[in-house]
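One file, run_20.cif, carrying mmCIF, C-alpha atoms and all ligand atoms:
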data_run
#
loop_
_atom_site.label_atom_id
_atom_site.label_comp_id
_atom_site.auth_asym_id
_atom_site.auth_seq_id
_atom_site.Cartn_x
_atom_site.Cartn_y
_atom_site.Cartn_z
CA MET A 1 121.87 352.87 -50.01
CA HIS A 2 122.99 350.58 -52.85
CA ASP A 3 120.27 348.85 -54.89
CA LEU A 4 122.23 345.59 -54.84
CA THR A 5 125.42 344.07 -53.49
CA PHE A 6 127.29 340.90 -54.48
CA PHE A 7 129.64 338.37 -52.91
CA TYR A 8 132.04 336.34 -55.07
CA PRO A 9 133.91 333.34 -53.57
CA GLU A 10 137.58 334.06 -54.40
CA GLY A 11 139.60 330.93 -55.06
CA HIS A 12 136.55 328.64 -54.99
CA ALA A 13 137.90 326.54 -57.89
CA ALA A 14 140.15 324.79 -55.31
CA HIS A 15 136.96 323.04 -54.12
CA ALA A 16 136.35 320.72 -57.06
CA GLU A 17 136.14 317.07 -58.04
CA PRO A 18 136.70 316.02 -61.67
CA GLY A 19 133.43 315.16 -63.41
CA HIS A 20 131.26 316.21 -60.46
CA PRO A 21 128.12 318.27 -61.26
CA GLU A 22 128.83 320.69 -58.34
CA SER A 23 131.64 322.27 -60.34
CA PRO A 24 133.33 325.69 -60.17
CA LEU A 25 132.00 326.35 -63.68
CA ARG A 26 128.57 326.91 -62.09
CA VAL A 27 129.63 330.12 -60.36
CA GLU A 28 131.68 331.32 -63.34
CA ALA A 29 128.67 330.89 -65.67
CA LEU A 30 126.60 333.09 -63.37
CA VAL A 31 129.33 335.74 -63.21
CA THR A 32 129.51 335.79 -67.02
CA ALA A 33 125.72 336.19 -67.21
CA LEU A 34 125.76 339.02 -64.66
CA ARG A 35 128.65 340.70 -66.48
CA GLU A 36 126.85 340.45 -69.84
CA ALA A 37 123.79 342.10 -68.31
CA GLY A 38 125.99 344.96 -67.05
CA TRP A 39 125.23 344.32 -63.37
CA TRP A 40 128.43 342.64 -62.16
CA GLU A 41 130.53 345.81 -62.35
CA ALA A 42 127.65 348.15 -61.52
CA TYR A 43 127.17 347.11 -57.87
CA PRO A 44 129.62 346.73 -54.97
CA HIS A 45 131.17 343.39 -54.07
CA LEU A 46 131.61 342.64 -50.38
CA PRO A 47 134.48 340.70 -48.79
CA PRO A 48 133.46 337.85 -46.47
CA LEU A 49 132.93 338.55 -42.77
CA GLU A 50 134.24 336.32 -40.02
CA ILE A 51 131.62 333.86 -38.74
CA LEU A 52 131.96 334.24 -34.97
CA PRO A 53 132.46 331.01 -32.98
CA GLN A 54 129.22 331.59 -31.06
CA VAL A 55 127.32 331.73 -34.38
CA LEU A 56 129.12 328.71 -35.82
CA HIS A 57 128.42 326.67 -32.68
CA ALA A 58 124.76 327.70 -32.56
CA VAL A 59 124.28 326.15 -36.03
CA HIS A 60 126.73 323.22 -36.27
CA SER A 61 127.87 320.77 -33.61
CA PRO A 62 131.48 321.14 -32.41
CA ILE A 63 132.08 317.47 -33.28
CA TYR A 64 131.05 317.99 -36.90
CA LEU A 65 133.08 321.20 -37.23
CA SER A 66 136.27 319.56 -35.97
CA LEU A 67 135.63 316.48 -38.13
CA LEU A 68 135.26 318.66 -41.22
CA LYS A 69 138.29 320.82 -40.44
CA GLU A 70 140.51 317.80 -39.70
CA ALA A 71 139.32 315.88 -42.76
CA CYS A 72 140.39 318.82 -44.94
CA ALA A 73 143.71 319.20 -43.08
CA ARG A 74 144.46 315.51 -43.72
CA GLY A 75 144.05 316.09 -47.45
CA GLY A 76 140.31 315.77 -47.77
CA ARG A 77 138.29 313.25 -49.73
CA LEU A 78 134.77 312.72 -48.52
CA ILE A 79 132.49 313.63 -45.67
CA GLY A 80 129.30 311.56 -45.85
CA ASP A 81 128.36 311.65 -49.56
CA THR A 82 130.14 314.96 -50.21
CA TYR A 83 133.62 315.49 -51.64
CA LEU A 84 136.31 317.54 -49.90
CA THR A 85 139.66 319.00 -50.90
CA PRO A 86 142.39 320.42 -48.63
CA ALA A 87 140.95 323.90 -49.38
CA SER A 88 137.32 323.05 -48.62
CA TRP A 89 137.24 324.07 -44.94
CA GLU A 90 138.58 327.58 -45.63
CA LEU A 91 136.36 327.95 -48.69
CA ALA A 92 133.27 326.82 -46.76
CA LEU A 93 134.04 329.40 -44.06
CA GLN A 94 134.58 332.02 -46.78
CA ALA A 95 131.24 331.20 -48.48
CA ALA A 96 129.40 331.42 -45.17
CA GLY A 97 131.17 334.70 -44.39
CA GLY A 98 130.30 336.09 -47.82
CA GLY A 99 126.66 335.17 -47.41
CA LEU A 100 126.70 336.89 -44.03
CA ALA A 101 128.37 340.01 -45.48
CA VAL A 102 125.59 340.36 -48.05
CA ALA A 103 122.79 339.57 -45.59
CA GLN A 104 124.20 341.95 -42.99
CA ALA A 105 124.56 344.78 -45.52
CA VAL A 106 120.88 344.33 -46.38
CA TRP A 107 119.86 344.01 -42.73
CA GLN A 108 121.74 347.16 -41.77
CA GLY A 109 120.39 349.16 -44.72
CA GLN A 110 123.62 349.56 -46.70
CA ALA A 111 122.04 347.69 -49.62
CA ARG A 112 118.42 347.01 -50.54
CA ARG A 113 119.06 343.55 -52.01
CA GLY A 114 121.95 341.14 -51.86
CA PHE A 115 123.09 338.29 -54.07
CA ALA A 116 125.74 335.95 -52.66
CA LEU A 117 127.44 333.42 -54.93
CA THR A 118 127.88 331.05 -52.02
CA ARG A 119 130.00 328.06 -53.04
CA PRO A 120 130.30 325.43 -51.60
CA PRO A 121 126.50 325.57 -51.22
CA GLY A 122 124.81 325.02 -47.86
CA HIS A 123 121.16 324.04 -47.52
CA HIS A 124 121.65 320.27 -47.07
CA ALA A 125 124.20 320.71 -44.25
CA THR A 126 122.52 319.83 -40.94
CA CYS A 127 123.70 320.60 -37.39
CA GLU A 128 125.64 317.35 -37.38
CA LEU A 129 126.58 316.51 -40.96
CA GLY A 130 127.57 317.89 -44.35
CA MET A 131 125.76 316.18 -47.23
CA GLY A 132 124.38 316.76 -50.72
CA PHE A 133 127.46 318.79 -51.84
CA CYS A 134 127.01 321.11 -48.80
CA LEU A 135 129.53 321.60 -45.96
CA LEU A 136 128.46 324.57 -43.83
CA ASN A 137 124.89 325.87 -43.96
CA ASN A 138 125.54 329.37 -45.32
CA ILE A 139 121.99 330.71 -45.10
CA ALA A 140 121.43 329.31 -41.60
CA LEU A 141 124.70 330.85 -40.38
CA ALA A 142 123.67 334.24 -41.80
CA ALA A 143 120.21 334.01 -40.24
CA GLN A 144 121.69 332.95 -36.89
CA SER A 145 124.13 335.84 -36.99
CA LEU A 146 121.33 338.34 -37.69
CA VAL A 147 119.30 336.86 -34.81
CA GLN A 148 122.32 337.37 -32.53
CA GLN A 149 122.43 340.96 -33.80
CA GLY A 150 118.82 341.50 -32.73
CA ALA A 151 116.61 340.23 -35.57
CA GLN A 152 113.41 338.77 -34.10
CA ARG A 153 111.69 337.21 -37.12
CA LEU A 154 113.41 336.11 -40.33
CA ALA A 155 112.06 334.05 -43.21
CA ILE A 156 114.08 331.65 -45.36
CA ILE A 157 112.37 330.76 -48.65
CA ASP A 158 114.07 327.78 -50.32
CA LEU A 159 113.31 327.53 -54.04
CA ASP A 160 115.96 324.91 -54.88
CA LEU A 161 114.87 321.71 -56.67
CA HIS A 162 115.78 319.79 -53.49
CA HIS A 163 114.41 320.08 -49.99
CA GLY A 164 116.76 322.06 -47.71
CA ASN A 165 116.77 319.39 -45.02
CA GLY A 166 119.73 321.00 -43.26
CA THR A 167 118.13 324.40 -42.91
CA GLN A 168 114.88 322.81 -41.77
CA ASP A 169 116.75 320.70 -39.22
CA ILE A 170 118.62 323.69 -37.77
CA PHE A 171 115.50 325.80 -37.20
CA TYR A 172 112.87 323.07 -36.68
CA GLU A 173 112.27 323.86 -33.01
CA ARG A 174 112.64 327.63 -33.28
CA GLY A 175 109.99 330.31 -33.55
CA ASP A 176 112.26 333.10 -34.80
CA VAL A 177 113.09 331.72 -38.26
CA LEU A 178 110.31 330.69 -40.66
CA TYR A 179 111.51 328.08 -43.17
CA ILE A 180 109.45 327.59 -46.35
CA SER A 181 110.48 325.18 -49.10
CA THR A 182 109.24 324.19 -52.54
CA HIS A 183 110.95 321.11 -53.94
CA GLN A 184 110.47 318.12 -56.20
CA SER A 185 109.15 315.10 -54.32
CA PRO A 186 110.00 312.28 -54.24
CA LEU A 187 113.69 313.16 -54.67
CA PHE A 188 116.93 313.46 -52.64
CA PRO A 189 117.12 313.91 -49.64
CA GLY A 190 113.62 312.46 -49.08
CA THR A 191 112.49 314.97 -46.46
CA GLY A 192 110.10 317.92 -46.79
CA ASN A 193 106.67 316.35 -46.53
CA LEU A 194 103.65 318.61 -46.21
CA ASN A 195 103.14 317.50 -42.61
CA GLU A 196 106.65 318.54 -41.46
CA THR A 197 105.69 321.85 -39.86
CA GLY A 198 108.04 322.29 -36.89
CA VAL A 199 107.79 321.32 -33.22
CA GLY A 200 107.66 323.08 -29.86
CA ALA A 201 108.41 326.79 -30.18
CA GLY A 202 108.91 326.13 -33.91
CA LEU A 203 105.44 324.71 -34.51
CA ALA A 204 104.01 326.19 -37.75
CA CYS A 205 107.39 327.83 -38.47
CA THR A 206 108.35 325.23 -41.10
CA ALA A 207 106.27 324.94 -44.27
CA ASN A 208 106.91 322.38 -47.01
CA PHE A 209 105.28 322.33 -50.42
CA PRO A 210 106.42 319.17 -52.24
CA LEU A 211 105.86 319.28 -55.99
CA SER A 212 105.44 316.21 -58.16
CA ALA A 213 107.67 315.74 -61.21
CA GLY A 214 106.38 317.77 -64.14
CA SER A 215 105.26 320.76 -62.05
CA GLY A 216 106.24 324.07 -63.64
CA ASP A 217 105.52 327.80 -63.72
CA GLU A 218 101.81 327.44 -63.02
CA ALA A 219 102.43 325.28 -59.93
CA PHE A 220 105.18 327.54 -58.56
CA LEU A 221 103.16 330.72 -59.00
CA ALA A 222 100.08 329.16 -57.41
CA VAL A 223 102.15 328.02 -54.41
CA MET A 224 103.75 331.47 -54.18
CA ASP A 225 100.47 333.41 -54.38
CA ARG A 226 98.22 331.12 -52.35
CA LEU A 227 100.61 329.71 -49.75
CA ILE A 228 104.01 331.40 -49.45
CA LEU A 229 102.96 335.05 -49.55
CA PRO A 230 100.01 334.53 -47.14
CA LEU A 231 102.33 332.68 -44.73
CA LEU A 232 104.83 335.55 -44.91
CA GLY A 233 101.97 337.91 -44.13
CA ARG A 234 101.08 335.85 -41.09
CA PHE A 235 104.67 335.59 -39.77
CA GLU A 236 105.69 339.20 -40.57
CA PRO A 237 109.41 338.58 -41.11
CA GLN A 238 111.77 341.55 -40.90
CA MET A 239 113.83 340.25 -43.84
CA LEU A 240 113.66 337.56 -46.54
CA LEU A 241 116.57 335.21 -47.15
CA VAL A 242 116.24 333.10 -50.29
CA SER A 243 117.92 329.78 -50.99
CA TYR A 244 118.32 330.08 -54.73
CA GLY A 245 119.02 326.89 -56.67
CA PHE A 246 118.52 327.03 -60.40
CA ASP A 247 117.85 323.28 -60.56
CA PRO A 248 114.02 323.57 -60.77
CA HIS A 249 114.61 324.85 -64.34
CA TRP A 250 113.27 322.54 -67.05
CA LYS A 251 116.75 322.05 -68.55
CA ASP A 252 118.35 320.83 -65.30
CA PRO A 253 119.79 317.30 -65.57
CA LEU A 254 119.17 316.36 -61.90
CA GLY A 255 115.48 317.23 -61.71
CA SER A 256 112.11 316.91 -63.39
CA LEU A 257 110.47 320.21 -62.51
CA LEU A 258 109.61 322.48 -65.45
CA LEU A 259 110.14 325.99 -64.11
CA SER A 260 111.26 328.54 -66.73
CA ALA A 261 113.73 331.35 -66.13
CA ALA A 262 110.92 333.85 -66.66
CA GLY A 263 108.90 331.90 -64.08
CA TYR A 264 111.82 332.11 -61.66
CA GLY A 265 111.95 335.84 -62.26
CA ALA A 266 108.24 336.13 -61.52
CA LEU A 267 108.72 334.29 -58.21
CA ALA A 268 111.60 336.57 -57.25
CA ARG A 269 109.55 339.61 -58.25
CA ARG A 270 106.70 338.51 -55.96
CA LEU A 271 109.13 338.17 -53.05
CA ALA A 272 110.82 341.50 -53.80
CA ASP A 273 107.46 343.28 -54.04
CA TRP A 274 106.36 341.67 -50.76
CA ALA A 275 109.57 342.82 -49.11
CA ASP A 276 109.12 346.36 -50.48
CA ALA A 277 105.64 346.50 -48.96
CA HIS A 278 106.40 344.83 -45.63
CA CYS A 279 110.07 344.77 -44.63
CA ALA A 280 111.87 347.75 -46.16
CA GLY A 281 112.73 345.76 -49.30
CA ARG A 282 115.19 343.51 -47.49
CA VAL A 283 115.98 340.45 -49.64
CA ALA A 284 119.25 338.49 -49.67
CA VAL A 285 119.69 335.63 -52.13
CA PHE A 286 122.10 332.72 -51.51
CA LEU A 287 123.26 330.35 -54.25
CA GLU A 288 122.50 326.69 -53.57
CA GLY A 289 122.28 324.06 -56.38
CA GLY A 290 121.66 324.08 -60.13
CA TYR A 291 123.59 322.06 -62.70
CA HIS A 292 122.71 323.29 -66.21
CA LEU A 293 124.96 326.26 -66.91
CA GLU A 294 122.80 327.89 -69.58
CA ALA A 295 119.74 327.56 -67.34
CA GLY A 296 121.76 329.00 -64.47
CA ALA A 297 122.77 332.01 -66.53
CA ALA A 298 119.17 332.66 -67.56
CA CYS A 299 117.64 332.11 -64.10
CA THR A 300 120.26 334.33 -62.50
CA GLN A 301 119.62 337.19 -64.91
CA ALA A 302 115.87 336.74 -64.34
CA VAL A 303 116.23 336.79 -60.54
CA VAL A 304 118.59 339.76 -60.43
CA ALA A 305 116.39 341.71 -62.88
CA ALA A 306 113.47 341.00 -60.53
CA LEU A 307 115.46 342.19 -57.50
CA LEU A 308 116.26 345.41 -59.38
CA GLY A 309 112.71 345.81 -60.73
CA LEU A 310 113.90 345.63 -64.36
CA PRO A 311 112.25 343.89 -67.34
CA TRP A 312 114.01 340.84 -68.78
CA GLN A 313 113.51 338.57 -71.82
CA ASP A 314 113.76 334.76 -71.46
CA ALA A 315 115.57 333.44 -74.53
CA LEU A 316 115.26 329.82 -73.30
CA GLY A 317 111.48 330.08 -73.10
CA PRO A 318 109.07 327.76 -71.30
CA SER A 319 109.44 323.99 -71.07
CA PRO A 320 108.66 322.21 -74.34
CA GLN A 321 106.92 319.52 -72.25
CA PRO A 322 103.43 320.25 -70.94
CA GLU A 323 103.10 320.82 -67.19
CA SER A 324 101.64 318.03 -65.11
CA GLN A 325 98.64 319.05 -63.01
CA ALA A 326 99.28 316.52 -60.22
CA TRP A 327 100.43 319.36 -57.90
CA ARG A 328 96.84 320.61 -57.57
CA SER A 329 95.95 317.99 -54.96
CA MET A 330 98.99 319.03 -52.85
CA LEU A 331 97.87 322.65 -53.11
CA GLN A 332 94.40 321.77 -51.83
CA ARG A 333 95.80 319.74 -48.93
CA ALA A 334 98.26 322.52 -48.08
CA LEU A 335 95.55 325.20 -48.10
CA GLN A 336 93.53 323.06 -45.70
CA LEU A 337 96.49 322.22 -43.45
CA TRP A 338 97.52 325.87 -43.11
CA GLY A 339 93.95 327.23 -42.87
CA LEU A 340 94.36 329.40 -45.96
ZN ZN B 1 119.37 321.34 -55.47
#

Any chance you could put this one into structure tokens?
Amino acid sequence: MHDLTFFYPEGHAAHAEPGHPESPLRVEALVTALREAGWWEAYPHLPPLEILPQVLHAVHSPIYLSLLKEACARGGRLIGDTYLTPASWELALQAAGGGLAVAQAVWQGQARRGFALTRPPGHHATCELGMGFCLLNNIALAAQSLVQQGAQRLAIIDLDLHHGNGTQDIFYERGDVLYISTHQSPLFPGTGNLNETGVGAGLACTANFPLSAGSGDEAFLAVMDRLILPLLGRFEPQMLLVSYGFDPHWKDPLGSLLLSAAGYGALARRLADWADAHCAGRVAVFLEGGYHLEAGAACTQAVVAALLGLPWQDALGPSPQPESQAWRSMLQRALQLWGL
């Protein structure tokens, strides 16, 4: 078994809009950081798998899929608030297929951990609509595919700055996929309140931990140790899928959270250790957002070091601003709501 496997989105630079923060440079900065650490060449890279129509249609509505495909074929411009190019449909399918390749390799025991550089990103894409720079929901398509291959309980932990409204929407009424999100609130897309916890068969299978601006390492680690890990223990997932955005970093221009790269590494280490103890070490990480390239390089090295169980030094250090403590009241309410 490999310790780690990667996916790289070949040709992804054809999905780009001049001056837009969701730029191809994001992925290239992470590749450079992984290469400098000696990991990029050390572990196998997987080609994308085909996303089967029955998986695609279980996650996204046929109307949205044909709208997206036709909009790209006509030359592309915009779908909702999100830019398109003529290449975007094929690249979105490729990103989803690459995320699936990595997740499936981990699920089937060919690799212990996976890291998919999924671009275009996915977690804002709902059943019905691409938004927030996301076209197809990569992590949801991978989870759905694993469910169709026999997985009974999967957990998606979304650590992006923004709430993964699309992923929540897709699994909101389902009991087989636990969705847990930390995110800055209030902020785009406006969803992810503490009291959004799923409905029907999905009741208590969605958990949201909104963090006020100024929350940093202390807040994230408290939420991880006191809420996320206990909820994983309760749900007993067979694998962890992580929506990894590096935009909670204190240098990110779109957010006001104060997470450090070392803090991100500590979060990933907690999840990797949990997986080692409870689900054969199965962790697959999917790239979502993150807009400061230097922060992205540092967070990515920190996360991959954590997945590999290696030490790592954070040259960017902690936020120069002090952490707000306003998150403590959310933590107390969350502990009460979840009976923890
Ligand atoms: Zn984000």

Just want the 8 Å neighbourhood of Ser319 (chain A), counted on only C-alpha atoms, with same-chain residues fewer than 4 positions away dropped. Output as a PyMOL selection string. chain A and resi 250-251+258-260

Residues contacting ligand ZN 1 (chain B) - anything with an atom at most 8 Å away, using all atoms listed in the file - can you give me those as a PDB file with C-alpha atoms, in the coordinates of the input?
ATOM      1  CA  ASP A 160     115.960 324.910 -54.880  1.00  0.00           C
ATOM      2  CA  LEU A 161     114.870 321.710 -56.670  1.00  0.00           C
ATOM      3  CA  HIS A 162     115.780 319.790 -53.490  1.00  0.00           C
ATOM      4  CA  HIS A 163     114.410 320.080 -49.990  1.00  0.00           C
ATOM      5  CA  GLY A 245     119.020 326.890 -56.670  1.00  0.00           C
ATOM      6  CA  PHE A 246     118.520 327.030 -60.400  1.00  0.00           C
ATOM      7  CA  ASP A 247     117.850 323.280 -60.560  1.00  0.00           C
ATOM      8  CA  PRO A 248     114.020 323.570 -60.770  1.00  0.00           C
ATOM      9  CA  GLU A 288     122.500 326.690 -53.570  1.00  0.00           C
ATOM     10  CA  GLY A 289     122.280 324.060 -56.380  1.00  0.00           C
ATOM     11  CA  GLY A 290     121.660 324.080 -60.130  1.00  0.00           C
TER      12      GLY A 290
END

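Minimum distance to Gly122 (chain A) across A:Gln336, A:Thr167, A:Ser23, A:Gln321 (counting all atoms listed in the file) occurs at A:Thr167.
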
Point-to-point distance from CA of Leu331 (chain A) to CA of Val223 (chain A), Å rounded to tenths: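 Taking CA of Leu331 (chain A) as the start and CA of Val223 (chain A) as the end point, the length is 7.0 Å.
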
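Of note, CA of Ile51 (chain A) and CA of Met239 (chain A) are spaced 19.6 Å apart.
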
List the spatial neighbours of region 267-272 of chain A as a PDB file with C-alpha atoms, keeping the file's coordinate frame - criterion: any atom at most 8 Å away, only C-alpha atoms, same-chain residues fewer than 4 positions off excluded.
ATOM      1  CA  PHE A 220     105.180 327.540 -58.560  1.00  0.00           C
ATOM      2  CA  LEU A 221     103.160 330.720 -59.000  1.00  0.00           C
ATOM      3  CA  MET A 224     103.750 331.470 -54.180  1.00  0.00           C
ATOM      4  CA  LEU A 229     102.960 335.050 -49.550  1.00  0.00           C
ATOM      5  CA  LEU A 240     113.660 337.560 -46.540  1.00  0.00           C
ATOM      6  CA  GLY A 263     108.900 331.900 -64.080  1.00  0.00           C
ATOM      7  CA  ASP A 276     109.120 346.360 -50.480  1.00  0.00           C
ATOM      8  CA  GLY A 281     112.730 345.760 -49.300  1.00  0.00           C
ATOM      9  CA  ARG A 282     115.190 343.510 -47.490  1.00  0.00           C
ATOM     10  CA  VAL A 283     115.980 340.450 -49.640  1.00  0.00           C
ATOM     11  CA  VAL A 303     116.230 336.790 -60.540  1.00  0.00           C
ATOM     12  CA  ALA A 306     113.470 341.000 -60.530  1.00  0.00           C
ATOM     13  CA  LEU A 307     115.460 342.190 -57.500  1.00  0.00           C
ATOM     14  CA  GLY A 309     112.710 345.810 -60.730  1.00  0.00           C
TER      15      GLY A 309
END

Could you check how far CA of Glu173 (chain A) sits from CA of Leu203 (chain A), in Å to one decimal? 7.0 Å

Could you check the closest approach to Ala207 (chain A) for each of A:Pro186, A:Pro311, A:Pro230, A:Pro48 and tell me which residue wins, using only C-alpha atoms?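 Under the stated criterion, the closest residue is A:Pro230.
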
May I have the residues within 10 Å of Asp169 (chain A) as a ChimeraX atom specification, using only C-alpha atoms and disregarding those fewer than 6 positions away in the same chain? /A:59,123-128,179,198,206

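If you count all atoms listed in the file and ignore residues fewer than 5 places along the chain from region 62-66 of chain A, what sits within 9 Å of it is Leu56, His57, Ala71, Cys127, Glu128, Leu129, Gly130 and Leu136 of chain A.
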
Between A:Ala201, A:Leu257, A:Val285, A:Ala295, single out the one closest to Asp314 (chain A), counting all atoms listed in the file.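 Under the stated criterion, the closest residue is A:Ala295.
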
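Across A:Gly265, A:Pro9, A:Gly99, A:Arg35, the tightest approach to Leu310 (chain A) is made by A:Gly265 when counting only C-alpha atoms.
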
Kindly provide the residues of region 116-186 of chain A that approach region 102-109 of chain A to within 10 Å, each paired with its closest atom pair and their distance in Å to one decimal, based on all atoms listed in the file, listed by chain and increasing number, as JSON lines.
{"residue": "A:Ala116", "atom": "CA", "partner": "A:Val102", "partner_atom": "CA", "distance": 6.4}
{"residue": "A:Leu117", "atom": "CA", "partner": "A:Val102", "partner_atom": "CA", "distance": 9.9}
{"residue": "A:Ile139", "atom": "CA", "partner": "A:Ala103", "partner_atom": "CA", "distance": 8.9}
{"residue": "A:Ala142", "atom": "CA", "partner": "A:Ala103", "partner_atom": "CA", "distance": 6.6}
{"residue": "A:Ala143", "atom": "CA", "partner": "A:Ala103", "partner_atom": "CA", "distance": 8.1}
{"residue": "A:Ser145", "atom": "CA", "partner": "A:Gln104", "partner_atom": "CA", "distance": 8.6}
{"residue": "A:Leu146", "atom": "CA", "partner": "A:Gln104", "partner_atom": "CA", "distance": 7.0}
{"residue": "A:Gln149", "atom": "CA", "partner": "A:Gln104", "partner_atom": "CA", "distance": 9.4}
{"residue": "A:Ala151", "atom": "CA", "partner": "A:Trp107", "partner_atom": "CA", "distance": 8.7}

Go ahead and write the selection's residues with C-alpha atoms as an mmCIF file, in the coordinates of the input.
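Just written: selection.cif:
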data_model
loop_
_atom_site.group_PDB
_atom_site.id
_atom_site.type_symbol
_atom_site.label_atom_id
_atom_site.label_comp_id
_atom_site.auth_asym_id
_atom_site.auth_seq_id
_atom_site.Cartn_x
_atom_site.Cartn_y
_atom_site.Cartn_z
ATOM 1 C CA ALA A 116 125.740 335.950 -52.660
ATOM 2 C CA LEU A 117 127.440 333.420 -54.930
ATOM 3 C CA ILE A 139 121.990 330.710 -45.100
ATOM 4 C CA ALA A 142 123.670 334.240 -41.800
ATOM 5 C CA ALA A 143 120.210 334.010 -40.240
ATOM 6 C CA SER A 145 124.130 335.840 -36.990
ATOM 7 C CA LEU A 146 121.330 338.340 -37.690
ATOM 8 C CA GLN A 149 122.430 340.960 -33.800
ATOM 9 C CA ALA A 151 116.610 340.230 -35.570
#

Shell around Asn193 (chain A) at 12 Å using all atoms listed in the file, local window under 5 positions removed, as JSON, numbers by chain: {"A": [162, 163, 164, 165, 168, 180, 181, 182, 183, 184, 185, 186, 187, 198, 206, 207, 208, 209, 210, 211, 212, 330, 333, 334]}
